[in-house]
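coords-v8.txt follows; it contains compact mmCIF, C-alpha atoms.
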# COMPACT_ATOMS: atom_id res chain seq x y z
CA MET A 1365 -34.05 8.13 69.42
CA SER A 1366 -37.25 6.22 68.87
CA LEU A 1367 -39.17 9.52 68.68
CA LEU A 1368 -36.89 10.80 65.94
CA SER A 1369 -36.84 7.55 63.97
CA ASN A 1370 -40.64 7.24 64.18
CA THR A 1371 -40.97 10.88 63.09
CA ALA A 1372 -38.64 10.29 60.14
CA VAL A 1373 -40.60 7.20 59.03
CA LEU A 1374 -43.93 9.03 59.29
CA LEU A 1375 -42.58 12.13 57.55
CA GLY A 1376 -41.45 9.88 54.70
CA LYS A 1377 -44.99 8.51 54.48
CA GLU A 1378 -46.52 12.02 54.45
CA LEU A 1379 -44.16 13.19 51.68
CA ARG A 1380 -44.67 10.03 49.63
CA THR A 1381 -48.48 10.21 49.72
CA GLU A 1382 -48.52 13.94 48.94
CA PHE A 1383 -46.03 13.80 46.08
CA ARG A 1384 -47.97 10.85 44.69
CA SER A 1385 -51.29 12.73 44.63
CA ARG A 1386 -50.05 16.38 44.75
CA GLU A 1387 -53.53 17.31 46.02
CA LEU A 1388 -52.48 19.69 48.78
CA LEU A 1389 -49.59 21.34 46.94
CA THR A 1390 -51.63 22.01 43.81
CA THR A 1391 -54.65 23.33 45.69
CA THR A 1392 -52.62 25.58 47.96
CA ALA A 1393 -50.39 26.96 45.21
CA VAL A 1394 -53.34 27.71 42.93
CA PHE A 1395 -55.24 29.32 45.81
CA ILE A 1396 -52.37 31.65 46.78
CA LEU A 1397 -51.73 32.55 43.16
CA VAL A 1398 -55.41 33.36 42.51
CA VAL A 1399 -55.65 35.51 45.66
CA LEU A 1400 -52.47 37.43 44.80
CA ILE A 1401 -53.65 38.06 41.22
CA MET A 1402 -57.14 39.08 42.34
CA PHE A 1403 -55.82 41.55 44.92
CA SER A 1404 -53.36 42.91 42.39
CA PHE A 1405 -56.09 43.59 39.84
CA ALA A 1406 -58.67 44.76 42.37
CA ILE A 1407 -56.41 47.30 44.08
CA ASN A 1408 -54.03 48.05 41.20
CA PRO A 1409 -51.51 49.45 43.68
CA THR A 1410 -48.82 52.01 43.03
CA ALA A 1411 -45.22 51.10 43.90
CA GLU A 1412 -45.54 52.62 47.37
CA GLU A 1413 -48.93 51.01 48.05
CA SER A 1414 -47.48 47.68 46.96
CA ARG A 1415 -44.74 47.92 49.54
CA ALA A 1416 -47.23 48.97 52.21
CA PHE A 1417 -50.00 46.42 51.52
CA GLY A 1418 -48.38 43.66 49.45
CA PRO A 1419 -46.78 41.75 52.34
CA GLY A 1420 -50.03 41.84 54.32
CA LEU A 1421 -51.94 40.46 51.34
CA LEU A 1422 -49.27 37.78 50.88
CA TRP A 1423 -49.62 36.65 54.50
CA LEU A 1424 -53.41 36.75 54.30
CA ALA A 1425 -53.26 34.51 51.23
CA ILE A 1426 -50.82 32.18 53.02
CA LEU A 1427 -53.10 31.99 56.06
CA PHE A 1428 -56.22 31.15 54.04
CA ALA A 1429 -54.27 28.63 51.98
CA ALA A 1430 -52.90 27.05 55.15
CA SER A 1431 -56.41 26.56 56.50
CA LEU A 1432 -57.20 24.69 53.27
CA MET A 1433 -54.03 22.64 53.54
CA LEU A 1434 -54.46 21.75 57.19
CA GLN A 1435 -58.09 20.63 56.84
CA PRO A 1436 -57.34 17.11 55.58
CA CYS A 1437 -54.28 16.71 57.81
CA PHE A 1438 -55.99 14.40 60.31
CA LEU A 1439 -59.11 13.66 58.24
CA ARG A 1440 -56.91 11.38 56.11
CA GLU A 1441 -56.25 9.31 59.22
CA GLN A 1442 -59.96 8.83 59.81
CA THR A 1443 -60.80 7.12 56.53
CA ASN A 1444 -59.58 3.70 57.63
CA ASP A 1445 -58.93 4.56 61.27
CA THR A 1446 -55.21 4.71 60.52
CA LEU A 1447 -54.77 7.08 63.44
CA SER A 1448 -55.47 4.09 65.69
CA SER A 1449 -52.87 1.94 63.95
CA LEU A 1450 -50.34 4.77 64.23
CA ARG A 1451 -51.11 5.20 67.93
CA LEU A 1452 -50.60 1.48 68.45
CA ALA A 1453 -47.36 1.43 66.47
CA VAL A 1454 -45.42 4.46 67.73
CA SER A 1455 -43.75 4.55 71.11
CA ASP A 1456 -44.41 8.27 71.54
CA PRO A 1457 -47.57 9.82 70.03
CA PHE A 1458 -45.72 13.13 69.70
CA ALA A 1459 -44.00 11.54 66.70
CA ILE A 1460 -47.34 11.63 64.85
CA PHE A 1461 -47.63 15.39 65.46
CA LEU A 1462 -43.98 16.08 64.68
CA ALA A 1463 -44.24 14.30 61.34
CA LYS A 1464 -47.49 16.07 60.44
CA LEU A 1465 -46.22 19.51 61.35
CA ALA A 1466 -42.88 18.95 59.61
CA ALA A 1467 -44.74 17.90 56.47
CA ASN A 1468 -47.19 20.83 56.71
CA THR A 1469 -44.36 23.34 57.23
CA PHE A 1470 -42.45 21.87 54.31
CA PHE A 1471 -45.47 21.96 51.97
CA LEU A 1472 -46.36 25.50 53.03
CA LEU A 1473 -42.79 26.73 52.55
CA LEU A 1474 -42.51 25.01 49.19
CA THR A 1475 -45.72 26.68 48.04
CA GLU A 1476 -44.53 30.06 49.31
CA LEU A 1477 -41.21 29.69 47.48
CA LEU A 1478 -43.07 28.84 44.28
CA MET A 1479 -45.33 31.88 44.75
CA LEU A 1480 -42.58 34.35 45.67
CA PRO A 1481 -41.59 35.17 42.03
CA PHE A 1482 -45.26 35.81 41.16
CA PHE A 1483 -45.58 38.06 44.20
CA ALA A 1484 -42.47 40.00 43.18
CA VAL A 1485 -43.76 40.46 39.63
CA PHE A 1486 -47.42 41.30 40.38
CA TYR A 1487 -46.59 43.73 43.19
CA ASN A 1488 -43.36 45.00 41.67
CA ILE A 1489 -41.41 44.35 44.87
CA PRO A 1490 -37.82 43.14 44.53
CA VAL A 1491 -37.39 40.30 47.02
CA LEU A 1492 -33.95 39.00 46.05
CA PRO A 1493 -31.85 41.55 47.99
CA GLN A 1494 -33.57 40.56 51.25
CA LEU A 1495 -34.09 36.89 50.43
CA PRO A 1496 -32.23 35.33 53.44
CA TYR A 1497 -34.22 37.38 55.97
CA LEU A 1498 -37.43 36.90 54.03
CA LEU A 1499 -36.90 33.13 54.07
CA LEU A 1500 -36.34 33.26 57.83
CA ILE A 1501 -39.61 35.15 58.34
CA LEU A 1502 -41.48 32.81 56.00
CA PHE A 1503 -40.06 29.80 57.84
CA LEU A 1504 -40.92 31.05 61.33
CA GLY A 1505 -44.37 32.22 60.24
CA SER A 1506 -45.11 28.97 58.41
CA LEU A 1507 -43.89 26.93 61.36
CA GLY A 1508 -46.24 28.84 63.67
CA VAL A 1509 -49.15 28.33 61.30
CA SER A 1510 -48.34 24.61 61.03
CA VAL A 1511 -47.87 23.98 64.76
CA ALA A 1512 -51.14 25.65 65.76
CA GLY A 1513 -52.92 24.28 62.69
CA THR A 1514 -51.80 20.70 63.23
CA ALA A 1515 -53.02 20.75 66.83
CA LEU A 1516 -56.36 22.29 65.86
CA SER A 1517 -56.72 19.91 62.94
CA ALA A 1518 -56.44 16.99 65.39
CA ILE A 1519 -59.16 18.55 67.56
CA SER A 1520 -61.51 19.44 64.73
CA ALA A 1521 -61.13 16.07 62.95
CA GLN A 1522 -63.06 14.38 65.75
CA ALA A 1523 -65.78 17.02 65.93
CA ARG A 1524 -69.04 17.51 64.12
CA MET A 1525 -69.03 20.40 61.61
CA ARG A 1526 -65.29 19.73 61.26
CA GLU A 1527 -64.98 21.56 57.92
CA LEU A 1528 -66.18 24.79 59.55
CA LEU A 1529 -64.53 24.31 62.90
CA LEU A 1530 -60.89 24.42 61.79
CA PRO A 1531 -60.95 27.87 60.12
CA LEU A 1532 -63.10 29.19 62.99
CA LEU A 1533 -60.51 28.07 65.55
CA LEU A 1534 -57.44 28.68 63.43
CA LEU A 1535 -57.90 32.22 62.18
CA PRO A 1536 -58.27 33.96 65.58
CA ILE A 1537 -55.36 32.01 67.08
CA LEU A 1538 -53.13 32.87 64.14
CA THR A 1539 -53.99 36.57 64.15
CA PRO A 1540 -50.83 37.48 66.13
CA ILE A 1541 -48.70 35.54 63.61
CA LEU A 1542 -50.44 37.28 60.70
CA VAL A 1543 -50.04 40.76 62.19
CA VAL A 1544 -46.42 40.35 63.23
CA SER A 1545 -45.35 38.53 60.05
CA ALA A 1546 -46.97 41.22 57.91
CA ILE A 1547 -45.33 44.08 59.87
CA VAL A 1548 -41.90 42.44 59.81
CA THR A 1549 -42.20 41.70 56.07
CA VAL A 1550 -43.36 45.26 55.28
CA LYS A 1551 -40.33 46.70 57.07
CA LEU A 1552 -38.00 44.22 55.37
CA LEU A 1553 -39.30 44.99 51.87
CA ASP A 1554 -39.33 48.77 52.41
CA ARG A 1555 -37.17 51.06 50.28
CA ASP A 1556 -34.98 51.38 53.39
CA PRO A 1557 -35.08 47.79 54.64
CA VAL A 1558 -35.05 47.13 58.37
CA VAL A 1559 -34.73 43.70 59.95
CA GLU A 1560 -37.26 43.81 62.78
CA TRP A 1561 -35.58 41.38 65.23
CA LYS A 1562 -38.21 41.93 67.92
CA GLY A 1563 -40.90 40.73 65.55
CA ILE A 1564 -38.77 37.77 64.43
CA GLY A 1565 -38.20 36.94 68.10
CA PHE A 1566 -41.95 37.04 68.70
CA LEU A 1567 -42.51 34.58 65.83
CA ALA A 1568 -39.87 32.24 67.27
CA LEU A 1569 -41.44 32.52 70.74
CA PHE A 1570 -44.90 31.75 69.36
CA ASP A 1571 -43.49 28.63 67.68
CA VAL A 1572 -41.74 27.45 70.84
CA VAL A 1573 -44.80 28.02 73.06
CA PHE A 1574 -47.18 26.15 70.75
CA LEU A 1575 -44.66 23.36 70.13
CA THR A 1576 -44.23 22.89 73.89
CA ALA A 1577 -48.00 22.85 74.42
CA LEU A 1578 -48.34 20.27 71.65
CA TRP A 1579 -45.62 18.12 73.22
CA LEU A 1580 -47.30 18.31 76.64
CA PHE A 1581 -50.92 17.80 75.62
CA GLY A 1582 -50.72 16.22 72.16
CA GLU A 1583 -51.43 12.70 73.43
CA TYR A 1584 -54.81 13.79 74.81
CA LEU A 1585 -55.77 15.30 71.44
CA LEU A 1586 -55.39 11.91 69.78
CA GLU A 1587 -57.50 9.95 72.26
CA GLU A 1588 -61.00 8.82 71.41
CA MET B 487 -51.07 -20.26 83.42
CA PRO B 488 -49.98 -16.65 84.17
CA THR B 489 -52.45 -13.87 83.47
CA ALA B 490 -51.86 -12.04 80.20
CA LEU B 491 -54.66 -9.50 80.44
CA ARG B 492 -56.68 -8.34 83.45
CA PHE B 493 -59.78 -6.11 83.42
CA GLU B 494 -60.81 -4.88 86.86
CA ASN B 495 -64.23 -3.20 87.17
CA ILE B 496 -63.90 -1.53 83.81
CA ASP B 497 -66.56 1.05 82.92
CA LYS B 498 -66.67 2.99 79.68
CA ARG B 499 -69.19 5.78 79.20
CA TYR B 500 -69.86 7.73 76.03
CA GLU B 501 -71.80 10.93 76.73
CA GLY B 502 -73.51 9.38 79.74
CA LEU B 503 -74.28 6.04 78.05
CA TYR B 504 -72.52 2.97 79.38
CA ALA B 505 -70.77 0.93 76.69
CA LEU B 506 -69.11 -1.22 79.37
CA ARG B 507 -70.21 -1.59 82.96
CA GLY B 508 -68.17 -3.27 85.69
CA ILE B 509 -66.23 -5.66 83.45
CA SER B 510 -63.87 -7.89 85.41
CA LEU B 511 -62.03 -10.58 83.46
CA GLU B 512 -58.73 -12.36 83.77
CA ILE B 513 -57.39 -13.84 80.57
CA ALA B 514 -54.59 -16.36 80.91
CA ALA B 515 -51.59 -16.41 78.62
CA GLY B 516 -52.22 -18.67 75.65
CA GLU B 517 -55.98 -18.63 76.11
CA CYS B 518 -58.22 -18.20 73.06
CA VAL B 519 -61.28 -16.25 74.15
CA ALA B 520 -64.34 -15.71 71.98
CA LEU B 521 -66.48 -12.68 72.79
CA ALA B 522 -70.11 -13.15 71.85
CA GLY B 523 -73.08 -10.84 72.07
CA ARG B 524 -75.49 -8.87 69.99
CA ASN B 525 -74.60 -5.65 68.15
CA GLY B 526 -73.98 -2.90 70.68
CA SER B 527 -73.30 -5.29 73.54
CA GLY B 528 -69.80 -3.82 74.10
CA LYS B 529 -67.51 -6.29 72.31
CA THR B 530 -65.75 -3.68 70.17
CA THR B 531 -65.38 -1.26 73.08
CA LEU B 532 -63.89 -4.01 75.24
CA LEU B 533 -61.36 -4.85 72.51
CA ARG B 534 -60.48 -1.17 72.04
CA VAL B 535 -59.98 -0.79 75.79
CA ALA B 536 -57.76 -3.90 75.74
CA SER B 537 -55.71 -2.43 72.89
CA ARG B 538 -55.36 0.80 74.98
CA LEU B 539 -56.83 2.87 72.17
CA VAL B 540 -59.71 3.77 74.47
CA ARG B 541 -59.13 4.87 78.06
CA PRO B 542 -61.71 3.36 80.44
CA SER B 543 -63.93 5.78 82.37
CA ALA B 544 -63.33 3.71 85.51
CA GLY B 545 -61.46 0.56 86.48
CA THR B 546 -58.03 -0.78 85.63
CA LEU B 547 -56.56 -2.62 82.69
CA SER B 548 -53.28 -4.40 83.31
CA PHE B 549 -50.86 -6.69 81.53
CA PRO B 550 -49.22 -8.60 84.42
CA GLU B 551 -46.69 -10.28 82.16
CA ALA B 552 -45.41 -7.01 80.71
CA ALA B 553 -43.15 -4.63 82.62
CA THR B 554 -45.31 -1.68 81.51
CA PRO B 555 -48.63 -1.53 79.60
CA SER B 556 -46.81 -0.05 76.61
CA ALA B 557 -44.40 -2.98 76.64
CA ALA B 558 -47.27 -5.46 76.11
CA ARG B 559 -47.11 -6.56 72.49
CA CYS B 560 -50.73 -6.29 71.34
CA GLY B 561 -51.91 -6.78 67.79
CA TYR B 562 -55.33 -5.40 66.95
CA VAL B 563 -57.58 -6.09 63.97
CA ALA B 564 -60.52 -3.70 63.95
CA HIS B 565 -63.65 -3.27 61.83
CA SER B 566 -61.78 -0.82 59.61
CA THR B 567 -58.59 -1.95 57.94
CA MET B 568 -56.30 0.54 59.72
CA VAL B 569 -54.02 0.74 56.67
CA TYR B 570 -53.52 3.48 54.09
CA ASP B 571 -55.53 3.18 50.87
CA GLU B 572 -53.08 5.46 49.07
CA LEU B 573 -50.07 3.22 49.82
CA THR B 574 -49.32 -0.19 48.34
CA ALA B 575 -49.69 -3.36 50.41
CA GLU B 576 -45.92 -3.61 50.76
CA GLU B 577 -45.46 0.08 51.64
CA ASN B 578 -48.11 -0.23 54.35
CA LEU B 579 -46.48 -3.23 55.98
CA VAL B 580 -42.96 -1.82 55.77
CA LEU B 581 -44.22 1.47 57.25
CA PHE B 582 -45.81 -0.17 60.27
CA ALA B 583 -42.91 -2.60 60.68
CA ARG B 584 -40.47 0.31 60.84
CA LEU B 585 -42.64 2.18 63.33
CA GLN B 586 -42.70 -0.91 65.54
CA ASN B 587 -38.93 -1.39 65.27
CA VAL B 588 -39.34 -4.79 63.62
CA GLU B 589 -36.00 -6.20 62.54
CA GLN B 590 -35.58 -6.39 58.76
CA PRO B 591 -38.94 -4.72 58.03
CA ALA B 592 -38.85 -5.39 54.29
CA ALA B 593 -38.21 -9.12 54.78
CA ARG B 594 -40.90 -9.38 57.45
CA ALA B 595 -43.39 -7.57 55.20
CA GLU B 596 -42.54 -9.86 52.29
CA GLY B 597 -42.97 -12.97 54.45
CA LEU B 598 -46.37 -11.83 55.69
CA LEU B 599 -47.51 -10.85 52.20
CA ARG B 600 -46.73 -14.39 51.06
CA GLU B 601 -48.50 -15.80 54.12
CA VAL B 602 -51.71 -13.84 53.53
CA GLY B 603 -51.63 -14.57 49.79
CA LEU B 604 -51.08 -11.00 48.62
CA TYR B 605 -47.48 -11.23 47.45
CA ASP B 606 -48.48 -10.98 43.78
CA ARG B 607 -50.38 -7.77 44.57
CA ARG B 608 -47.70 -6.29 46.82
CA SER B 609 -47.17 -3.30 44.54
CA SER B 610 -50.86 -2.48 44.15
CA LEU B 611 -52.44 0.37 46.07
CA VAL B 612 -54.70 -0.90 48.85
CA GLN B 613 -57.54 1.21 47.41
CA THR B 614 -57.69 -1.24 44.49
CA PHE B 615 -58.21 -4.23 46.83
CA SER B 616 -61.46 -6.09 47.45
CA ARG B 617 -62.93 -6.20 50.99
CA GLY B 618 -61.45 -9.65 51.60
CA MET B 619 -57.99 -8.59 50.43
CA ARG B 620 -58.16 -5.53 52.67
CA GLN B 621 -59.00 -7.78 55.59
CA ARG B 622 -55.97 -9.93 54.81
CA ILE B 623 -53.67 -6.91 54.79
CA ALA B 624 -55.28 -5.71 58.04
CA ILE B 625 -54.50 -9.05 59.67
CA ALA B 626 -50.95 -8.99 58.29
CA ARG B 627 -50.43 -5.52 59.79
CA ALA B 628 -51.54 -6.76 63.20
CA LEU B 629 -49.10 -9.68 63.04
CA LEU B 630 -46.03 -7.67 61.97
CA HIS B 631 -44.45 -7.41 65.43
CA GLN B 632 -45.34 -10.99 66.41
CA PRO B 633 -47.78 -9.96 69.13
CA SER B 634 -48.14 -11.94 72.32
CA ILE B 635 -51.76 -10.79 72.61
CA LEU B 636 -53.93 -10.67 69.51
CA LEU B 637 -57.23 -8.78 69.60
CA LEU B 638 -59.56 -9.45 66.70
CA ASP B 639 -62.86 -7.70 66.04
CA GLU B 640 -64.92 -9.96 63.77
CA PRO B 641 -61.79 -11.00 61.87
CA ALA B 642 -63.57 -13.07 59.23
CA THR B 643 -65.44 -10.06 57.80
CA GLY B 644 -65.25 -10.08 54.01
CA LEU B 645 -63.19 -13.25 53.72
CA ASP B 646 -64.14 -15.89 51.16
CA PRO B 647 -64.18 -19.60 52.19
CA HIS B 648 -60.51 -19.96 51.24
CA GLY B 649 -59.60 -16.87 53.27
CA PHE B 650 -61.73 -18.10 56.13
CA SER B 651 -59.85 -21.41 56.24
CA TRP B 652 -56.53 -19.57 56.00
CA LEU B 653 -57.49 -17.36 58.95
CA ALA B 654 -58.60 -20.36 61.00
CA GLN B 655 -55.29 -22.13 60.31
CA SER B 656 -53.26 -19.01 61.11
CA LEU B 657 -55.07 -18.52 64.41
CA ARG B 658 -54.59 -22.21 65.21
CA ASN B 659 -50.83 -21.81 64.62
CA LEU B 660 -50.68 -18.62 66.69
CA SER B 661 -52.61 -20.23 69.51
CA ALA B 662 -50.31 -23.25 69.43
CA SER B 663 -47.31 -20.93 69.68
CA GLY B 664 -48.68 -19.50 72.94
CA CYS B 665 -50.25 -16.29 71.62
CA THR B 666 -53.22 -15.06 73.67
CA ILE B 667 -56.19 -14.45 71.39
CA VAL B 668 -59.32 -12.45 72.18
CA MET B 669 -61.80 -12.24 69.31
CA SER B 670 -65.35 -11.06 68.85
CA LEU B 671 -67.48 -13.40 66.78
CA HIS B 672 -71.01 -13.92 65.57
CA GLY B 673 -72.18 -17.52 65.63
CA GLU B 674 -70.28 -20.76 65.38
CA SER B 675 -67.67 -21.42 62.73
CA GLU B 676 -64.31 -22.99 62.05
CA ILE B 677 -62.79 -20.00 63.84
CA SER B 678 -65.02 -20.15 66.91
CA ALA B 679 -64.06 -23.82 67.25
CA LEU B 680 -60.57 -22.62 68.26
CA ALA B 681 -61.96 -20.87 71.35
CA THR B 682 -61.03 -22.37 74.69
CA ARG B 683 -63.27 -19.93 76.52
CA ALA B 684 -66.39 -17.97 75.62
CA VAL B 685 -67.58 -14.73 77.19
CA ARG B 686 -71.01 -13.35 76.42
CA LEU B 687 -71.67 -9.62 76.77
CA ASP B 688 -75.03 -7.94 77.00
CA ALA B 689 -75.56 -4.20 77.48
CA GLY B 690 -71.89 -3.80 78.43
CA LYS B 691 -71.91 -6.49 81.12
CA VAL B 692 -70.50 -10.01 81.21
CA VAL B 693 -73.57 -12.27 81.40
CA ALA B 694 -71.86 -15.59 80.77
CA ASP B 695 -68.28 -16.82 80.96
CA THR B 696 -67.35 -20.47 80.45
CA LYS B 697 -64.54 -22.80 79.51
CA SER B 698 -66.55 -26.00 79.39
CA GLY B 699 -67.32 -27.50 75.99
CA ALA B 700 -71.11 -27.67 76.09
CA SER B 701 -71.62 -24.23 77.63
CA LEU B 702 -69.06 -22.78 75.25
CA HIS B 703 -71.03 -24.16 72.32
CA SER B 704 -74.24 -22.78 73.79
CA ILE B 705 -72.81 -19.24 74.28
CA LEU B 706 -71.36 -19.08 70.78
CA SER B 707 -74.43 -20.41 69.05
CA PHE B 708 -76.77 -18.18 71.08
CA GLU B 709 -77.40 -15.07 69.05
CA GLY B 710 -81.00 -14.48 70.02
CA ALA B 711 -82.42 -12.63 72.99
Represent the supplied structure as structure tokens.
Amino acid sequence: MSLLSNTAVLLGKELRTEFRSRELLTTTAVFILVVLIMFSFAINPTAEESRAFGPGLLWLAILFAASLMLQPCFLREQTNDTLSSLRLAVSDPFAIFLAKLAANTFFLLLTELLMLPFFAVFYNIPVLPQLPYLLLILFLGSLGVSVAGTALSAISAQARMRELLLPLLLLPILTPILVVSAIVTVKLLDRDPVVEWKGIGFLALFDVVFLTALWLFGEYLLEE
Amino acid sequence: MPTALRFENIDKRYEGLYALRGISLEIAAGECVALAGRNGSGKTTLLRVASRLVRPSAGTLSFPEAATPSAARCGYVAHSTMVYDELTAEENLVLFARLQNVEQPAARAEGLLREVGLYDRRSSLVQTFSRGMRQRIAIARALLHQPSILLLDEPATGLDPHGFSWLAQSLRNLSASGCTIVMSLHGESEISALATRAVRLDAGKVVADTKSGASLHSILSFEGA
């Protein structure tokens, strides 16, 4: 109970500070939009090429944007050593991670939802008919990115060269998510749509495995 | 008096360097201990170990009065303010009060804001505060859950004479109410006068520990070699 109430209080703080500054949301949304537009102009794909490559480009843009978004996740806590005050205040340190990853997933999903109409227009791919399944894939993929990214952000925040370290650690670990999400999305947005349940199951499994690891070892990541 | 805080052969190493070496101290409930020593002598590390933010490399820290270490109600004021610049003074206090399951968090935050003299600035972001005001909010945060053990790392940093007197009076009240206080200090002051015991650290070791008036004065005033 205390874990959930602490998580809810901390999530409220994360949302309040972000909606007050809108730093992460603006940066991430602009980044994804710019990447999608640049790819669209650079490749100038036909309708078939769009269906084949568009989803992969979308996920690549999401992944790069996520690495931008996750960078300040724990750096914010270092400015005034607020991570220490949080560790002293909460009964279970996992609450700190849960709140961070819930906020990161929410911000990432919100950005993706904002970008989806642009993606549909620039790549001429109708997304509305498959929207429920697409949302499920975006949610599971974003959750995976956030879980792994939040853990790695905690590790890299205490390291030297922290700005370089996070993308270096994050991108290889998230390669399976990128590959599977892209494949599942390609099949879903095909002219003959197929819901690739095996791929969706893999995304869910990835999320569960990383979430369990974070629950088991998270406390050690926060120690000095 | 029962023991509130016990350090047994505590070592703390950072990349092979000893910040603390073989520290053994028993601090009685209600005691007001002043930690003295030059920069780098281990005062901050000892306080961080006591707050359980830092795990010792060797030795044991215990809180005999508490059922479990996590049940010990410790308040900690560090060098940094440990509050969010991007939140208001009131939001910060309510946030930490809620996390610590303080009853009526808003009322407790309001009471402390009045006590530390920041009630009129309760809706201002902490990033707009002066160093002294930040220190006041840092102290208020540490007092939210009415700690039974208060750990203070150079608590007078940035305070003006009025703030200094306020802090001295607050610590006097806390001490009178039975709160155990451990604070690192430099030199003698109105605050060090509250100490009932002085411990001097040098190179991570306890080199002097006294409760007697004259020796206490000598340890606190000794900032040289």
**Study point:** Within 6 Å of chain B: residues of chain A, using only C-alpha atoms, as a PyMOL selection string
**Key:** chain A and resi 1370+1444-1446+1449+1453-1454
Exercise for review: State, in Å with one decimal place, the distance from CA of His672 (chain B) to CA of Ile509 (chain B).
Suggested key: 20.3 Å
Review point. Can you tell me how far CA of Pro591 (chain B) sits from CA of Leu637 (chain B), in Å to one decimal?
Key: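 Computing it gives 22.0 Å between the two atoms.
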Answer as a PDB file with C-alpha atoms, in the coordinates of the input, residues within 12 Å of (-45.8, -12.8, 63.8) using all atoms listed in the file:
ATOM      1  CA  ARG B 559     -47.110  -6.560  72.490  1.00  0.00           C
ATOM      2  CA  CYS B 560     -50.730  -6.290  71.340  1.00  0.00           C
ATOM      3  CA  GLY B 561     -51.910  -6.780  67.790  1.00  0.00           C
ATOM      4  CA  ALA B 583     -42.910  -2.600  60.680  1.00  0.00           C
ATOM      5  CA  VAL B 588     -39.340  -4.790  63.620  1.00  0.00           C
ATOM      6  CA  GLU B 589     -36.000  -6.200  62.540  1.00  0.00           C
ATOM      7  CA  ARG B 594     -40.900  -9.380  57.450  1.00  0.00           C
ATOM      8  CA  ALA B 595     -43.390  -7.570  55.200  1.00  0.00           C
ATOM      9  CA  GLY B 597     -42.970 -12.970  54.450  1.00  0.00           C
ATOM     10  CA  LEU B 598     -46.370 -11.830  55.690  1.00  0.00           C
ATOM     11  CA  LEU B 599     -47.510 -10.850  52.200  1.00  0.00           C
ATOM     12  CA  GLU B 601     -48.500 -15.800  54.120  1.00  0.00           C
ATOM     13  CA  VAL B 602     -51.710 -13.840  53.530  1.00  0.00           C
ATOM     14  CA  ILE B 625     -54.500  -9.050  59.670  1.00  0.00           C
ATOM     15  CA  ALA B 626     -50.950  -8.990  58.290  1.00  0.00           C
ATOM     16  CA  ARG B 627     -50.430  -5.520  59.790  1.00  0.00           C
ATOM     17  CA  ALA B 628     -51.540  -6.760  63.200  1.00  0.00           C
ATOM     18  CA  LEU B 629     -49.100  -9.680  63.040  1.00  0.00           C
ATOM     19  CA  LEU B 630     -46.030  -7.670  61.970  1.00  0.00           C
ATOM     20  CA  HIS B 631     -44.450  -7.410  65.430  1.00  0.00           C
ATOM     21  CA  GLN B 632     -45.340 -10.990  66.410  1.00  0.00           C
ATOM     22  CA  PRO B 633     -47.780  -9.960  69.130  1.00  0.00           C
ATOM     23  CA  SER B 634     -48.140 -11.940  72.320  1.00  0.00           C
ATOM     24  CA  ILE B 635     -51.760 -10.790  72.610  1.00  0.00           C
ATOM     25  CA  LEU B 636     -53.930 -10.670  69.510  1.00  0.00           C
ATOM     26  CA  SER B 656     -53.260 -19.010  61.110  1.00  0.00           C
ATOM     27  CA  LEU B 657     -55.070 -18.520  64.410  1.00  0.00           C
ATOM     28  CA  ASN B 659     -50.830 -21.810  64.620  1.00  0.00           C
ATOM     29  CA  LEU B 660     -50.680 -18.620  66.690  1.00  0.00           C
ATOM     30  CA  SER B 661     -52.610 -20.230  69.510  1.00  0.00           C
ATOM     31  CA  SER B 663     -47.310 -20.930  69.680  1.00  0.00           C
ATOM     32  CA  GLY B 664     -48.680 -19.500  72.940  1.00  0.00           C
ATOM     33  CA  CYS B 665     -50.250 -16.290  71.620  1.00  0.00           C
TER      34      CYS B 665
END
Revision key, fill the gap. Correct to one decimal, the distance CA of Trp652 (chain B)-CA of Arg622 (chain B) is 9.7 Å
Practice item. With a distance cut-off of 6 Å and all atoms listed in the file, select the neighbouring residues of region 1412-1424 of chain A, excluding the residue or stretch itself and same-chain residues fewer than 3 positions from it, and output the selection as a VMD selection string. Key: chain A and resid 1409 1427 1487 1546 1549 to 1550
Review point. What's the 10 Å shell around region 1455-1463 of chain A, counting only C-alpha atoms, without same-chain residues fewer than 3 positions away, as a PyMOL selection string?
Key: (chain A and resi 1366-1379+1438+1447+1450-1452+1466-1469+1511+1514-1515+1518+1575+1578-1586) or (chain B and resi 556-557+585-587)
Exercise for review: Would you please work out which residue, of B:Ala654, B:Leu638, B:Ala689, B:Ala592, is nearest to Leu533 (chain B) when using all atoms listed in the file?
Suggested key: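 Smallest separation from Leu533 (chain B) among the options: B:Leu638.
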Exercise for review: Within 12 Å of Leu1538 (chain A), counting only C-alpha atoms, which residues show up once you throw out same-chain ones fewer than 6 positions away? Write them as a list in words, please.
Suggested key: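 Contacts, with the query itself left out: Trp1423, Leu1424, Ile1426, Leu1427, Phe1428, Ala1430, Ser1431, Gly1505, Ser1506, Leu1507, Gly1508, Val1509, Ser1510, Val1511, Ala1512, Gly1513, Leu1516, Leu1530, Pro1531, Leu1532, Val1544, Ser1545, Leu1567, Phe1570, Asp1571 and Phe1574 of chain A.
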Point to revise | Nearby residues, (-48.9, 28.3, 52.1) file frame, 8 Å, all atoms listed in the file, as a list in words | key: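 The residues that fall inside the cut-off are Thr1392, Ala1393, Ile1396, Ala1425, Ile1426, Leu1427, Ala1429, Ala1430, Met1433, Phe1471, Leu1472, Leu1473, Leu1474, Thr1475, Glu1476 and Ser1506 of chain A.
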**Study point:** For Asn495 (chain B): contacts at 12 Å, all atoms listed in the file, fewer than 4 positions along chain excluded, given as a list in words
**Key:**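 The contact residues come out as Leu506, Arg507, Gly508, Ile509, Ser510, Leu511, Glu512, Leu532, Pro542, Ser543, Ala544, Gly545, Thr546, Leu547, Ser548, Gly690, Lys691 and Val692 of chain B.
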